[in-house]
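Some notes on the structure that comes next.
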Amino acid sequence: MAPSTEESVPAVLTPGWVASAADYASSLAALFPRGLAWPRHPDSIVGQVIGGLAHCFSRSNTDLAALLEEADPRTAIALLDDWERVLDLPDGCTGEGASTIQGRRAAILSKLLMQGGQSRAAFLKLAETLGYQISIEEFRPFRVGFSRAGDPLIGIEGAYLWRVRIYAVPVLRFQAGSSQTGDPLAAGTASDLECLFRRLKPAHTTVTFIYEV
């Protein structure tokens, strides 16, 4: 006689697939001895024990799958506080949007990816990580024999001056599933970028900002 449906052994679970309580219940039921003393009906004592264990295993499986999302700051929610504690965030350069989930993720990601250095490429990469489109202009003093007619008459201080043109300011919009109650519908500012550039710039230089938005 073929075994009943509730006593049949389920298919092997695919790795990475989050099993439901019903999947665990079916697997657990298949491990119990067969016979009248071991009923699988959900209302029986054995069935209730199986159901309770199945829900516990399913919840643990779901939490474990969620932990994989929390391990990535781009998708983390529950562990954002821990990410910020480790990275000492928010700090003095935290922007307006850092009160939102998306803004907190961006601040965490930018600090994790920050490679250091004070080159033009390093500052361009930092701006890109924060979601800004910029260009950087460097100046040099006007010198006879090197400069040409029409070049701006810049004094010796021009050797220590550089300018950032900001072409687009990222707007962090409210997103269902990521944002939380109380988050603004939209937030956008470049205060974090200006603060970070002034903090990280070579000490002997002066940086200015122009908005082309």
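We name chains A, B, ... following the order of the structure tokens; residues begin at 1 in each chain, and ligands are numbered from 1 as shown.
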
Which residues are near Glu70 of chain A? Cut-off 10 Å, only C-alpha atoms, ignore same chain within fewer than 5 positions. Put them as a list in words.
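Selected residues are Leu64, Ala65, Thr75, Ala76, Ile77, Ala78, Leu79, Leu80 and Trp83 of chain A.
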
Mind dumping the selected residues with C-alpha atoms as a PDB file, in the first residue's frame?
```
ATOM      1  CA  LEU A  64      18.994  33.643   8.502  1.00  0.00           C
ATOM      2  CA  ALA A  65      17.973  34.617   4.979  1.00  0.00           C
ATOM      3  CA  THR A  75      19.986  46.520   1.727  1.00  0.00           C
ATOM      4  CA  ALA A  76      20.350  46.589   5.532  1.00  0.00           C
ATOM      5  CA  ILE A  77      17.575  47.875   7.776  1.00  0.00           C
ATOM      6  CA  ALA A  78      17.710  46.110  11.160  1.00  0.00           C
ATOM      7  CA  LEU A  79      21.512  46.328  11.418  1.00  0.00           C
ATOM      8  CA  LEU A  80      21.912  49.949  10.257  1.00  0.00           C
ATOM      9  CA  TRP A  83      26.899  49.637  10.846  1.00  0.00           C
TER      10      TRP A  83
END
```

Neighbouring residues of Trp38 of chain A were defined as those with any atom within 12 Å, considering only C-alpha atoms; residues of the same chain fewer than 4 positions away were excluded. Please report them as a PyMOL selection string.
chain A and resi 7+29-34+42+44-50

Alpha helix (DSSP H) per DSSP on the backbone: members of segment 39-129 of chain A, as a PyMOL selection string:
chain A and resi 45-70+80-87+101-113+120-129

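Atom CA of Pro202 of chain A lies 6.6 Å from atom CA of Gln118 of chain A.
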
Would you list the contacts of Ala121 of chain A as a list of chain:residue names, taking every protein, DNA or RNA residue within 12 Å and counting only C-alpha atoms, but skipping same-chain residues closer than 6 positions in sequence?
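Near Ala121 of chain A, the qualifying residues are A:Met114, A:Gln115, A:Ala127, A:Glu128, A:Ile134, A:Ser135, A:Ile136.
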
Mind pulling up the distance from atom CA of Asp91 of chain A to atom CA of Phe123 of chain A?
18.8 Å

Name all residues at most 8 Å from Tyr24 of chain A (count only C-alpha atoms; drop same-chain ones fewer than 2 positions away) and give them as a VMD selection string.
chain A and resid 19 to 22 26 to 28 54 to 55 57 to 58

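In this model, the gap between atom CA of Tyr160 of chain A and atom CA of Cys93 of chain A comes to 23.1 Å.
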
Got a sec: who's within 12 Å of segment 205-207 of chain A, counting only C-alpha atoms, leaving out chain neighbours fewer than 2 positions off, as number ranges by chain?
A: 118, 123, 136-139, 157-165, 193-203, 209-210

For the residues in that selection, give me N, CA and C atoms as a compact mmCIF listing (two decimals), in the first residue's frame.
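Here's the written file out29.txt:
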```txt
# COMPACT_ATOMS: atom_id res chain seq x y z
N GLN A 118 44.45 62.23 -1.78
CA GLN A 118 44.00 63.60 -2.01
C GLN A 118 44.16 63.99 -3.47
N PHE A 123 38.88 62.36 -5.13
CA PHE A 123 37.72 63.19 -4.83
C PHE A 123 36.58 62.93 -5.81
N ILE A 136 36.23 68.92 -11.38
CA ILE A 136 37.17 69.65 -10.54
C ILE A 136 38.09 70.48 -11.42
N GLU A 137 38.20 71.76 -11.11
CA GLU A 137 39.09 72.67 -11.83
C GLU A 137 40.25 73.07 -10.92
N GLU A 138 41.44 73.00 -11.46
CA GLU A 138 42.62 73.44 -10.73
C GLU A 138 43.21 74.66 -11.45
N PHE A 139 43.85 75.52 -10.70
CA PHE A 139 44.36 76.78 -11.26
C PHE A 139 45.87 76.88 -11.05
N GLU A 157 48.36 82.84 -5.16
CA GLU A 157 47.41 82.05 -4.37
C GLU A 157 46.65 81.05 -5.23
N GLY A 158 46.65 81.25 -6.55
CA GLY A 158 45.96 80.34 -7.45
C GLY A 158 46.53 78.93 -7.44
N ALA A 159 47.79 78.80 -7.02
CA ALA A 159 48.41 77.47 -6.96
C ALA A 159 47.79 76.62 -5.87
N TYR A 160 47.07 77.25 -4.96
CA TYR A 160 46.48 76.52 -3.84
C TYR A 160 44.95 76.55 -3.88
N LEU A 161 44.42 76.89 -5.04
CA LEU A 161 42.97 77.00 -5.18
C LEU A 161 42.45 75.94 -6.15
N TRP A 162 41.34 75.30 -5.78
CA TRP A 162 40.66 74.41 -6.72
C TRP A 162 39.15 74.56 -6.52
N ARG A 163 38.42 74.28 -7.59
CA ARG A 163 36.98 74.56 -7.60
C ARG A 163 36.22 73.31 -8.03
N VAL A 164 35.12 73.07 -7.34
CA VAL A 164 34.27 71.91 -7.63
C VAL A 164 32.97 72.41 -8.25
N ARG A 165 32.65 71.91 -9.43
CA ARG A 165 31.36 72.20 -10.06
C ARG A 165 30.43 71.03 -9.84
N LEU A 193 28.75 66.64 0.89
CA LEU A 193 29.87 66.65 -0.04
C LEU A 193 30.83 67.80 0.28
N GLU A 194 30.30 68.99 0.50
CA GLU A 194 31.14 70.14 0.81
C GLU A 194 31.93 69.90 2.10
N CYS A 195 31.25 69.36 3.11
CA CYS A 195 31.91 69.10 4.39
C CYS A 195 33.05 68.09 4.24
N LEU A 196 32.79 67.00 3.52
CA LEU A 196 33.82 65.97 3.35
C LEU A 196 35.01 66.50 2.55
N PHE A 197 34.74 67.27 1.49
CA PHE A 197 35.83 67.80 0.69
C PHE A 197 36.69 68.76 1.52
N ARG A 198 36.05 69.59 2.33
CA ARG A 198 36.83 70.54 3.16
C ARG A 198 37.61 69.80 4.24
N ARG A 199 37.06 68.69 4.71
CA ARG A 199 37.75 67.91 5.74
C ARG A 199 38.95 67.17 5.15
N LEU A 200 38.82 66.65 3.93
CA LEU A 200 39.84 65.78 3.36
C LEU A 200 40.84 66.49 2.45
N LYS A 201 40.57 67.73 2.09
CA LYS A 201 41.45 68.44 1.15
C LYS A 201 42.84 68.63 1.75
N PRO A 202 43.86 68.81 0.88
CA PRO A 202 45.18 69.16 1.40
C PRO A 202 45.09 70.43 2.24
N ALA A 203 45.75 70.46 3.37
CA ALA A 203 45.58 71.53 4.34
C ALA A 203 45.96 72.90 3.80
N PHE A 209 32.96 75.93 -4.28
CA PHE A 209 31.94 75.11 -4.92
C PHE A 209 31.03 76.00 -5.76
N ILE A 210 30.69 75.51 -6.95
CA ILE A 210 29.74 76.16 -7.84
C ILE A 210 28.67 75.16 -8.21
```
